[in-house]
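What follows is a set of notes on a single structure, which appears directly below.
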Amino acid sequence: MKNAETPVFKLVLFGPESSLGNALMAELLSRQHEVTAVVDDLNRHTARPGLHFKIGGLDDADQAEQGAAGGSAVIALLSALAPGDLPGQARLSEALVAGLERTTIRRLLLVGDFAVLDEPAKYSEVERECVDHVVDGLQRSALHWTLINTPQALPDEGWARVAAGMADMLELDLHRGEHLNFVV
């Protein structure tokens with residue numbers, strides 16, 4: 001039974017078809033939040049209480065706005081949508097930020113290949129510019145964002161711990177405007 005005093009997030013999840021996406025859906029549903037997973041094929045998924053699916057993506061600001069509609073917070077797993085492709089992740093992020101600017105949603109967790117911020121010398125100039133572009137767009141927006149480095153391959157219990165940490169960030173409104181690594 002849901003406690004009427006407990007605030008409920010209506011979370012929109014872009015990139016749910018990954019280990020972290022599955023762990024996030026399980027964790028958020030266990031905390032009685034509503035989750036809308038934005039996917040490209042509804043036939044591959046089964047809805048259950050609190051979990052909804054919507055066709056969409058992050059190809060442009062209009063699509064991002066429509067995908068996020070009805071949510072109170074967004075998690076975008078950029079590394080699941082464009083694995084190892086920093087220019088692609090930057091384009092997705094730009095579309096998402098532009099789309100969210102048109103909504104009332106202000107809380108955003110972006111999970112991507114942001115390790116370049118920790119060790120820029122290990123990356124090419126193009127990769128550094130892509131991530132700088134993402135950070136610049138976020139800083140100029142009205143969003144309350146958090147950048148999270150994609151955790152490396154983890155066992156299932158590791159993904160569950162990362163998902164729990166991300167859910168805590170949303171519930172407690174922690175780490176606004178910060179770049180984080182999860183150490184599991």
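How things are named: the first chain in the structure tokens is A, the next is B, and so on; residues count from 1 in each chain; ligands count from 1 in the order shown.
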
(request) Per DSSP on the backbone, filter region 70-150 of chain A down to the residues in alpha helix (DSSP H) and report them as a PyMOL selection string. (result) chain A and resi 78-81+86-100+125-140

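Within 7 Å of region 146-163 of chain A, once only C-alpha atoms are used and residues closer than 3 positions along the same chain are dropped, the contacting residues are A:Ser19, A:Leu20, A:Ala23, A:Leu24, A:Glu27, A:Ser79, A:Leu108, A:Leu109, A:Leu110, A:Val111, A:Gly112, A:Asp113, A:Phe114, A:Ala115, A:Met166, A:Ala167, A:His175, A:Arg176, A:Gly177, A:Glu178, A:His179, A:Leu180, A:Asn181, A:Phe182, A:Val184.
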
Selected residues written out with N, CA and C atoms, as a compact mmCIF listing (two decimals), in the first residue's frame:
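Heads up, here's the output in part_12.txt:
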```
# COMPACT_ATOMS: atom_id res chain seq x y z
N SER A 19 21.35 -2.97 -18.74
CA SER A 19 21.41 -3.50 -17.36
C SER A 19 21.05 -2.42 -16.36
N LEU A 20 21.61 -1.22 -16.54
CA LEU A 20 21.29 -0.13 -15.62
C LEU A 20 19.83 0.29 -15.77
N ALA A 23 17.72 -2.18 -13.91
CA ALA A 23 17.90 -2.01 -12.46
C ALA A 23 17.17 -0.76 -11.98
N LEU A 24 17.22 0.32 -12.76
CA LEU A 24 16.52 1.55 -12.39
C LEU A 24 15.01 1.35 -12.34
N GLU A 27 14.19 -0.67 -9.21
CA GLU A 27 14.38 0.11 -7.98
C GLU A 27 13.29 1.17 -7.81
N SER A 79 24.74 6.49 -22.72
CA SER A 79 25.67 5.44 -23.11
C SER A 79 24.97 4.18 -23.58
N LEU A 108 17.11 16.39 -14.03
CA LEU A 108 17.67 15.56 -15.07
C LEU A 108 18.93 14.86 -14.58
N LEU A 109 18.95 13.55 -14.73
CA LEU A 109 20.18 12.77 -14.52
C LEU A 109 20.63 12.27 -15.88
N LEU A 110 21.85 12.63 -16.27
CA LEU A 110 22.42 12.19 -17.54
C LEU A 110 23.52 11.19 -17.25
N VAL A 111 23.41 9.99 -17.79
CA VAL A 111 24.43 8.96 -17.62
C VAL A 111 25.10 8.76 -18.96
N GLY A 112 26.39 9.00 -19.00
CA GLY A 112 27.11 8.89 -20.27
C GLY A 112 28.59 8.69 -20.07
N ASP A 113 29.31 8.80 -21.16
CA ASP A 113 30.76 8.61 -21.14
C ASP A 113 31.44 9.94 -20.82
N PHE A 114 31.33 10.36 -19.58
CA PHE A 114 31.84 11.66 -19.15
C PHE A 114 33.18 11.57 -18.43
N ALA A 115 33.85 10.43 -18.50
CA ALA A 115 35.16 10.28 -17.85
C ALA A 115 36.18 11.27 -18.42
N MET A 166 21.02 6.32 -7.53
CA MET A 166 20.38 7.30 -8.40
C MET A 166 18.97 7.64 -7.92
N ALA A 167 18.25 6.64 -7.43
CA ALA A 167 16.92 6.90 -6.87
C ALA A 167 17.03 7.80 -5.64
N HIS A 175 23.15 16.44 -5.38
CA HIS A 175 24.16 16.52 -6.44
C HIS A 175 23.73 17.31 -7.67
N ARG A 176 23.02 18.39 -7.44
CA ARG A 176 22.66 19.27 -8.56
C ARG A 176 23.92 19.93 -9.11
N GLY A 177 24.04 19.95 -10.42
CA GLY A 177 25.16 20.62 -11.07
C GLY A 177 26.50 19.96 -10.82
N GLU A 178 26.48 18.66 -10.55
CA GLU A 178 27.72 17.94 -10.25
C GLU A 178 27.95 16.80 -11.23
N HIS A 179 29.20 16.37 -11.28
CA HIS A 179 29.63 15.25 -12.11
C HIS A 179 30.08 14.14 -11.15
N LEU A 180 29.48 12.94 -11.30
CA LEU A 180 29.72 11.87 -10.33
C LEU A 180 30.23 10.58 -10.97
N ASN A 181 30.94 9.82 -10.16
CA ASN A 181 31.31 8.44 -10.45
C ASN A 181 30.72 7.58 -9.36
N PHE A 182 30.15 6.44 -9.72
CA PHE A 182 29.72 5.48 -8.72
C PHE A 182 30.84 4.48 -8.51
N VAL A 184 31.47 0.99 -6.88
CA VAL A 184 30.72 -0.15 -6.36
C VAL A 184 31.68 -1.22 -5.91
```

(message) Report as a VMD selection string all protein, DNA and RNA residues lying within 10 Å of region 34-43 of chain A, evaluated on only C-alpha atoms, omitting residues in the same chain fewer than 5 positions from it.
(response) chain A and resid 8 to 17 21 24 to 26 28 to 29 49 to 58 64 66 to 76

(request) Going by DSSP on the backbone, which bits of chain A are strand (DSSP E or B)? Write them as a VMD selection string, please. (result) chain A and resid 10 to 14 34 to 39 48 51 to 55 73 to 77 107 to 112 144 to 149 178 to 180

Residues of region 80-103 of chain A that approach region 118-138 of chain A to 9 Å or less, counting only C-alpha atoms: could you list each one with the shortest pair of atoms and its distance in Å to one decimal, rows by chain and increasing residue number, as JSON lines?
```
{"residue": "A:Asp85", "atom": "CA", "partner": "A:Glu127", "partner_atom": "CA", "distance": 8.9}
{"residue": "A:Leu86", "atom": "CA", "partner": "A:Glu127", "partner_atom": "CA", "distance": 6.1}
{"residue": "A:Pro87", "atom": "CA", "partner": "A:Cys130", "partner_atom": "CA", "distance": 5.7}
{"residue": "A:Gly88", "atom": "CA", "partner": "A:Cys130", "partner_atom": "CA", "distance": 8.8}
{"residue": "A:Gln89", "atom": "CA", "partner": "A:Cys130", "partner_atom": "CA", "distance": 8.2}
{"residue": "A:Ala90", "atom": "CA", "partner": "A:Val134", "partner_atom": "CA", "distance": 5.7}
{"residue": "A:Arg91", "atom": "CA", "partner": "A:Val134", "partner_atom": "CA", "distance": 8.5}
{"residue": "A:Ser93", "atom": "CA", "partner": "A:Val134", "partner_atom": "CA", "distance": 6.4}
{"residue": "A:Glu94", "atom": "CA", "partner": "A:Val134", "partner_atom": "CA", "distance": 6.9}
{"residue": "A:Val97", "atom": "CA", "partner": "A:Leu138", "partner_atom": "CA", "distance": 7.1}
{"residue": "A:Ala98", "atom": "CA", "partner": "A:Gly137", "partner_atom": "CA", "distance": 9.0}
```

(request) Go through A:Pro83, A:Pro7, A:Leu92, A:Arg107 one by one, measure the shortest atom-to-atom distance of each to Gln32 (chain A) using only C-alpha atoms, and give the residue with the smallest value. (result) A:Pro7

(request) For CA of Glu65 (chain A) and CA of Ala95 (chain A), quote the distance in Å rounded to one decimal. (result) 8.8 Å

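Minimum atom-to-atom distances from A:Leu174, A:Gln63, A:Ser18, A:Ala142 to Ala82 (chain A) were compared using only C-alpha atoms, and the lowest value belongs to A:Ser18.
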
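Across the model, the gap from CA of Leu96 (chain A) to CA of Val116 (chain A) is 20.6 Å.
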
(request) Would you mind reading off the distance between CA of Arg102 (chain A) and CA of Leu81 (chain A), one decimal, in Å? (result) 22.2 Å
